Amino acid sequence: MTRTTPAGTPLGDDFHVYDTTLRDGAQREGISYSVADKLAVARLLDDVGVGFIEGGWPGAMPKDTEFFARAATDLHLKHAALVAFGSTRKAGAKAADDLQVRALLDSQAPVVTLVAKSDRRHIDLALRTDVTEACAMVADTVAFLVGEGRRVFLDAEHFFDGYAFEPDTALRVLGAAMDNGADVAVLCDTNGGQLPLGLADTVGEVIARTGYRVGIHCQDDTGCAVANSVAAVQAGATHVQCTANGYGERAGNADLFAVVGNLVTKLGKPVLPHGKLAELTRVSHALAEIANIAPDTHQAYVGASAFAHKAGLHASAIKVDPELYNHIDPDLVGNDMRVLVTEMAGRASLELKGRELGVDLAGRPEALSAAVRKVKELEARGWSFEAADASLELLLRREVATADQQAVAAPPFALESYRVIIDHPADGDVVAEATVKVHVGGQRVIATAEGNGPVHALDAALRRALLPHLPWLDTVRLTDYKVRILTPGGGAGTDAVTRVLVETSDHETEWVTVGVHGNIVEASWLALCDALVHKAMDRESVVARG
Ligand SMILES: CC(=O)SCCNC(=O)CCNC(=O)[C@H](O)C(C)(C)COP(=O)(O)OP(=O)(O)OC[C@H]1O[C@@H](n2cnc3c(N)ncnc32)[C@H](O)[C@@H]1OP(=O)(O)O
Ligand SMILES: CC(=O)C(=O)O
């Protein structure tokens, strides 16, 4: 199989990106992949162009055995080789007779990764054997699998702790594998306790002493798994094991997307096939969906906030040149830059955000300054525009219209009044009833509706009043409603205000609006009205554009 680098040259066997999401990743608390999930994960990892996909431990779990059986017929990998993971034979037995070793062969995976203890204390206490037999278990199993035509990697468990405790034993275990045909000695920081400088020293020392091809596998217990993996590569490791989004046992493993992002963009190592780097963000999010874990919005390289800028000073430099505040071009990894508008915004933030929302504020210094003042004043009172682009857009359009001395576009309806009653009969459920009086299409309309809460009733009454005049409302639905009670100035609650965020959808797009008031119903009303006015405005501009 020929893989190509971003430069278009063949990517051979010089460097391995080895993914263990389906084995170590599945050891994360809360993850339970079905066989179908595992096949879908493998396809996505192949899309990203990793070189090896560790599919699980055949023979240990029926699900993993079935995965390899299905993979043999259903999985047509374009870039990756499939790897079966398992332990060596048991002490005092023969590899050829060991049922678990047989299961590795039966998996039909072309590559096998064997896990072996390389810390003397584990050999004594967990294997309950001596170093000579522990090395024989490795040597015998590697020789058997290589003899059967498999490519073999050795995961030397607890290598760093074992090397610090008794270096010769740790190296003897590596030698037992490499002398019998294993390709890579993978040094594992199984307890995840290492820090980058010490780990890199050990990797460099092992390579210098043995000349072996060395790999790295880092758990994240010090929060350094990515840094440790990159440091190991800088010290000479040419095989790096990681998992999607850092899933893994305990605190997790090294995040594939951060490791690969760093290797390609910082160290200039073309470790993925041409064009695949831009798949990182899409694949990371798709894999989070399959794992049923909300994507980490702050994840390096691929998180939704990885290139989101909030501070006004950042935005002012970004306006001149985005590179001034981005460590890479987000497009490289398939991500986007965003500018957030909050109390920390300055004129540049609003100008950039306006551009994103289709409101041209360039060359309109008065409107821009007025909008900055308004945003800061409203945010100080509890408003938050960070997640409410539609309300921000309305605010910007109003400021532009005012500065240009144009009439602000009339909203499609005007409120005369609303009233909400909560009725709790002693023998029945609580019911909310709302009445709205509005002016729409040149008429005064009064409508009443019930709902299971005040906002539901208000929304229903407003729709009933407006629908005959604004038929497009039929497709518009309130899809999410979030309430937050705020105590500006850190008060004890008596001066609390309520912030409501409403997400609305028309099946094609969704938009978020915000309302803030001392009364929860009024805060909701403000957000609801903004949602409908935004939709009306969008329709008018679509109609105007023809
Ligand atoms: C560092 C890592 O994360 S490695 C991956 C670990 N993953 C898993 O453990 C998930 C899958 N594991 C399993 O399904 C089960 O643990 C099995 C099937 C592998 C083993 O199950 P069991 O036979 O019931 O034993 P148990 O789970 O208690 O494991 C301990 C046995 O494995 C042996 N063992 C542990 N590590 C190794 C090793 N590297 N090489 C050989 N044998 C080993 C122990 O000596 C012990 O053997 P004994 O039962 O003869 O005393
Ligand atoms: C192999 C492995 O998962 C570890 O040593 O952590």
# chains A, B, ... in the order shown; residues from 1 in each chain; ligands from 1
$ residues_around --residues "Tyr212 of chain A" --least-positions-apart "5" --cutoff "12 Å" --atoms "only C-alpha atoms" --output "CSV table (one decimal) with N, CA and C atoms, in the first residue's frame"
chain,number,residue,atom,x,y,z
A,153,PHE,N,4.4,-6.0,17.1
A,153,PHE,CA,4.9,-4.9,17.9
A,153,PHE,C,4.8,-5.4,19.4
A,154,LEU,N,5.8,-4.9,20.2
A,154,LEU,CA,5.7,-5.2,21.6
A,154,LEU,C,5.4,-4.0,22.4
A,171,LEU,N,15.3,-3.8,29.7
A,171,LEU,CA,15.9,-3.9,28.4
A,171,LEU,C,15.9,-5.4,28.0
A,174,LEU,N,12.7,-6.1,26.3
A,174,LEU,CA,12.6,-5.6,24.9
A,174,LEU,C,13.4,-6.5,24.0
A,175,GLY,N,14.6,-6.9,24.5
A,175,GLY,CA,15.5,-7.8,23.7
A,175,GLY,C,14.8,-9.1,23.3
A,176,ALA,N,14.1,-9.6,24.3
A,176,ALA,CA,13.4,-10.9,24.0
A,176,ALA,C,12.4,-10.8,22.8
A,177,ALA,N,11.8,-9.6,22.7
A,177,ALA,CA,10.9,-9.4,21.6
A,177,ALA,C,11.7,-9.1,20.3
A,178,MET,N,12.6,-8.2,20.4
A,178,MET,CA,13.3,-7.7,19.1
A,178,MET,C,14.2,-8.7,18.6
A,179,ASP,N,14.8,-9.5,19.4
A,179,ASP,CA,15.7,-10.6,18.9
A,179,ASP,C,14.9,-11.7,18.2
A,181,GLY,N,12.2,-11.1,16.3
A,181,GLY,CA,11.5,-10.7,15.0
A,181,GLY,C,10.4,-9.6,15.2
A,182,ALA,N,10.3,-9.1,16.5
A,182,ALA,CA,9.3,-7.9,16.6
A,182,ALA,C,9.9,-6.7,15.9
A,183,ASP,N,9.0,-5.9,15.4
A,183,ASP,CA,9.4,-4.7,14.6
A,183,ASP,C,9.7,-3.5,15.5
A,184,VAL,N,8.8,-3.3,16.5
A,184,VAL,CA,8.9,-2.0,17.3
A,184,VAL,C,8.8,-2.4,18.8
A,185,ALA,N,9.7,-1.7,19.5
A,185,ALA,CA,9.6,-1.9,21.0
A,185,ALA,C,8.9,-0.6,21.5
A,186,VAL,N,7.7,-0.8,21.9
A,186,VAL,CA,6.9,0.4,22.3
A,186,VAL,C,7.0,0.6,23.8
A,187,LEU,N,7.6,1.7,24.2
A,187,LEU,CA,7.8,2.0,25.6
A,187,LEU,C,6.5,2.6,26.2
A,203,VAL,N,13.9,7.7,26.5
A,203,VAL,CA,13.7,7.3,25.1
A,203,VAL,C,15.0,7.4,24.4
A,204,GLY,N,15.7,8.5,24.5
A,204,GLY,CA,17.0,8.7,23.8
A,204,GLY,C,18.0,7.7,24.3
A,205,GLU,N,18.0,7.4,25.6
A,205,GLU,CA,19.0,6.5,26.2
A,205,GLU,C,18.8,5.1,25.7
A,206,VAL,N,17.5,4.7,25.6
A,206,VAL,CA,17.2,3.3,25.2
A,206,VAL,C,17.6,3.1,23.7
A,207,ILE,N,17.3,4.2,22.9
A,207,ILE,CA,17.7,4.0,21.5
A,207,ILE,C,19.2,4.0,21.3
A,236,GLY,N,13.5,10.6,19.3
A,236,GLY,CA,13.8,9.5,18.3
A,236,GLY,C,12.8,8.4,18.1
A,237,ALA,N,11.7,8.5,18.9
A,237,ALA,CA,10.6,7.4,18.7
A,237,ALA,C,10.0,7.6,17.3
A,238,THR,N,9.7,6.5,16.6
A,238,THR,CA,9.2,6.6,15.2
A,238,THR,C,7.9,5.9,15.1
A,239,HIS,N,7.2,5.7,16.3
A,239,HIS,CA,5.9,5.0,16.3
A,239,HIS,C,5.2,5.6,17.5
$ closest_atom_pairs --of "chain A" --to "ligand 2" --cutoff "7 Å" --atoms "only C-alpha atoms and all ligand atoms" --output "JSON lines"
{"residue": "A:Asp24", "atom": "CA", "partner": "ligand 2", "partner_atom_place_in_ligand_line": "3 (O)", "distance": 5.7}
{"residue": "A:Val115", "atom": "CA", "partner": "ligand 2", "partner_atom_place_in_ligand_line": "1 (C)", "distance": 5.9}
{"residue": "A:Asp155", "atom": "CA", "partner": "ligand 2", "partner_atom_place_in_ligand_line": "1 (C)", "distance": 5.4}
{"residue": "A:Ala156", "atom": "CA", "partner": "ligand 2", "partner_atom_place_in_ligand_line": "5 (O)", "distance": 6.6}
{"residue": "A:Glu157", "atom": "CA", "partner": "ligand 2", "partner_atom_place_in_ligand_line": "5 (O)", "distance": 4.1}
{"residue": "A:His158", "atom": "CA", "partner": "ligand 2", "partner_atom_place_in_ligand_line": "5 (O)", "distance": 6.0}
{"residue": "A:Cys188", "atom": "CA", "partner": "ligand 2", "partner_atom_place_in_ligand_line": "5 (O)", "distance": 4.7}
{"residue": "A:Asp189", "atom": "CA", "partner": "ligand 2", "partner_atom_place_in_ligand_line": "5 (O)", "distance": 6.0}
{"residue": "A:Thr190", "atom": "CA", "partner": "ligand 2", "partner_atom_place_in_ligand_line": "6 (O)", "distance": 3.6}
{"residue": "A:Asn191", "atom": "CA", "partner": "ligand 2", "partner_atom_place_in_ligand_line": "6 (O)", "distance": 6.8}
{"residue": "A:His217", "atom": "CA", "partner": "ligand 2", "partner_atom_place_in_ligand_line": "4 (C)", "distance": 6.6}
{"residue": "A:Cys218", "atom": "CA", "partner": "ligand 2", "partner_atom_place_in_ligand_line": "6 (O)", "distance": 6.7}
{"residue": "A:Gln219", "atom": "CA", "partner": "ligand 2", "partner_atom_place_in_ligand_line": "6 (O)", "distance": 6.1}
$ residues_near_ligand --ligand "ligand 1" --cutoff "8 Å" --atoms "only C-alpha atoms and all ligand atoms" --output "ChimeraX atom specification"
/A:23-24,27,57,59-61,86-91,114-117,126-128,137,157-158,190,249
$ write_last_selection --atoms "N, CA and C atoms" --output "PDB file, in the first residue's frame"
ATOM      1  N   ARG A  23      -9.271  -0.063  21.577  1.00  0.00           N
ATOM      2  CA  ARG A  23      -8.821  -0.922  22.675  1.00  0.00           C
ATOM      3  C   ARG A  23      -8.600  -0.060  23.923  1.00  0.00           C
ATOM      4  N   ASP A  24      -7.565   0.770  23.951  1.00  0.00           N
ATOM      5  CA  ASP A  24      -7.340   1.605  25.144  1.00  0.00           C
ATOM      6  C   ASP A  24      -8.466   2.628  25.299  1.00  0.00           C
ATOM      7  N   GLN A  27     -11.363   1.480  27.079  1.00  0.00           N
ATOM      8  CA  GLN A  27     -11.163   1.265  28.517  1.00  0.00           C
ATOM      9  C   GLN A  27     -11.566   2.508  29.329  1.00  0.00           C
ATOM     10  N   TRP A  57      -9.074  -6.801  21.604  1.00  0.00           N
ATOM     11  CA  TRP A  57      -8.384  -7.985  22.113  1.00  0.00           C
ATOM     12  C   TRP A  57      -9.213  -9.226  21.773  1.00  0.00           C
ATOM     13  N   GLY A  59     -10.500 -12.847  21.609  1.00  0.00           N
ATOM     14  CA  GLY A  59     -10.301 -13.952  22.559  1.00  0.00           C
ATOM     15  C   GLY A  59     -10.573 -13.535  23.984  1.00  0.00           C
ATOM     16  N   ALA A  60     -10.418 -12.240  24.288  1.00  0.00           N
ATOM     17  CA  ALA A  60     -10.684 -11.777  25.658  1.00  0.00           C
ATOM     18  C   ALA A  60     -12.150 -11.405  25.806  1.00  0.00           C
ATOM     19  N   MET A  61     -12.717 -10.813  24.747  1.00  0.00           N
ATOM     20  CA  MET A  61     -14.115 -10.378  24.799  1.00  0.00           C
ATOM     21  C   MET A  61     -14.811 -10.833  23.529  1.00  0.00           C
ATOM     22  N   GLY A  86      -3.087  -8.353  22.353  1.00  0.00           N
ATOM     23  CA  GLY A  86      -3.265  -9.417  23.340  1.00  0.00           C
ATOM     24  C   GLY A  86      -1.993  -9.623  24.144  1.00  0.00           C
ATOM     25  N   SER A  87      -2.074 -10.490  25.146  1.00  0.00           N
ATOM     26  CA  SER A  87      -0.873 -10.699  25.965  1.00  0.00           C
ATOM     27  C   SER A  87      -0.104 -11.918  25.457  1.00  0.00           C
ATOM     28  N   THR A  88       1.079 -12.064  25.983  1.00  0.00           N
ATOM     29  CA  THR A  88       1.904 -13.220  25.617  1.00  0.00           C
ATOM     30  C   THR A  88       1.296 -14.474  26.238  1.00  0.00           C
ATOM     31  N   ARG A  89       1.910 -15.602  25.949  1.00  0.00           N
ATOM     32  CA  ARG A  89       1.451 -16.845  26.572  1.00  0.00           C
ATOM     33  C   ARG A  89       1.641 -16.755  28.088  1.00  0.00           C
ATOM     34  N   LYS A  90       0.968 -17.629  28.766  1.00  0.00           N
ATOM     35  CA  LYS A  90       1.107 -17.702  30.233  1.00  0.00           C
ATOM     36  C   LYS A  90       2.443 -18.347  30.605  1.00  0.00           C
ATOM     37  N   ALA A  91       2.849 -18.121  31.858  1.00  0.00           N
ATOM     38  CA  ALA A  91       4.104 -18.718  32.341  1.00  0.00           C
ATOM     39  C   ALA A  91       3.997 -20.243  32.326  1.00  0.00           C
ATOM     40  N   LEU A 114       1.678  -7.257  21.146  1.00  0.00           N
ATOM     41  CA  LEU A 114       1.699  -8.079  22.367  1.00  0.00           C
ATOM     42  C   LEU A 114       2.036  -7.200  23.551  1.00  0.00           C
ATOM     43  N   VAL A 115       1.277  -7.333  24.634  1.00  0.00           N
ATOM     44  CA  VAL A 115       1.608  -6.582  25.841  1.00  0.00           C
ATOM     45  C   VAL A 115       2.410  -7.495  26.768  1.00  0.00           C
ATOM     46  N   ALA A 116       3.493  -6.935  27.330  1.00  0.00           N
ATOM     47  CA  ALA A 116       4.352  -7.743  28.207  1.00  0.00           C
ATOM     48  C   ALA A 116       4.852  -6.878  29.355  1.00  0.00           C
ATOM     49  N   LYS A 117       5.003  -7.505  30.513  1.00  0.00           N
ATOM     50  CA  LYS A 117       5.478  -6.759  31.687  1.00  0.00           C
ATOM     51  C   LYS A 117       6.983  -6.510  31.551  1.00  0.00           C
ATOM     52  N   ALA A 126       2.717  -9.683  39.782  1.00  0.00           N
ATOM     53  CA  ALA A 126       1.508  -9.913  38.970  1.00  0.00           C
ATOM     54  C   ALA A 126       1.630 -11.203  38.171  1.00  0.00           C
ATOM     55  N   LEU A 127       2.815 -11.414  37.553  1.00  0.00           N
ATOM     56  CA  LEU A 127       2.985 -12.665  36.791  1.00  0.00           C
ATOM     57  C   LEU A 127       3.370 -13.829  37.705  1.00  0.00           C
ATOM     58  N   ARG A 128       3.909 -13.503  38.857  1.00  0.00           N
ATOM     59  CA  ARG A 128       4.393 -14.495  39.830  1.00  0.00           C
ATOM     60  C   ARG A 128       5.349 -15.495  39.157  1.00  0.00           C
ATOM     61  N   MET A 137       8.461 -16.010  27.849  1.00  0.00           N
ATOM     62  CA  MET A 137       7.060 -15.830  27.419  1.00  0.00           C
ATOM     63  C   MET A 137       6.996 -14.877  26.224  1.00  0.00           C
ATOM     64  N   GLU A 157       4.814  -2.889  28.881  1.00  0.00           N
ATOM     65  CA  GLU A 157       4.008  -2.255  29.933  1.00  0.00           C
ATOM     66  C   GLU A 157       4.910  -1.759  31.062  1.00  0.00           C
ATOM     67  N   HIS A 158       4.582  -0.626  31.655  1.00  0.00           N
ATOM     68  CA  HIS A 158       5.306  -0.057  32.810  1.00  0.00           C
ATOM     69  C   HIS A 158       6.789   0.141  32.502  1.00  0.00           C
ATOM     70  N   THR A 190       2.573   3.285  31.406  1.00  0.00           N
ATOM     71  CA  THR A 190       1.284   2.670  31.741  1.00  0.00           C
ATOM     72  C   THR A 190       0.575   3.408  32.874  1.00  0.00           C
ATOM     73  N   GLU A 249      -8.066   4.576  29.441  1.00  0.00           N
ATOM     74  CA  GLU A 249      -8.116   4.155  30.849  1.00  0.00           C
ATOM     75  C   GLU A 249      -7.839   5.366  31.771  1.00  0.00           C
TER      76      GLU A 249
END
$ closest_residue --among "A:Gln299, A:Leu77, A:Asp64, A:Thr210" --to "Ala103 of chain A" --atoms "only C-alpha atoms"
A:Asp64
$ closest_residue --among "A:Arg484, A:His16, A:His439, A:Lys353" --to "Ile216 of chain A" --atoms "only C-alpha atoms"
A:His16
$ closest_residue --among "A:Leu466, A:Val302, A:Leu44, A:Leu75" --to "Asp19 of chain A" --atoms "only C-alpha atoms"
A:Leu44
$ select_by_dssp --residues "segment 166-294 of chain A" --states "strand (DSSP E)" --output "PyMOL selection string"
chain A and resi 184-189+214-218+239-242
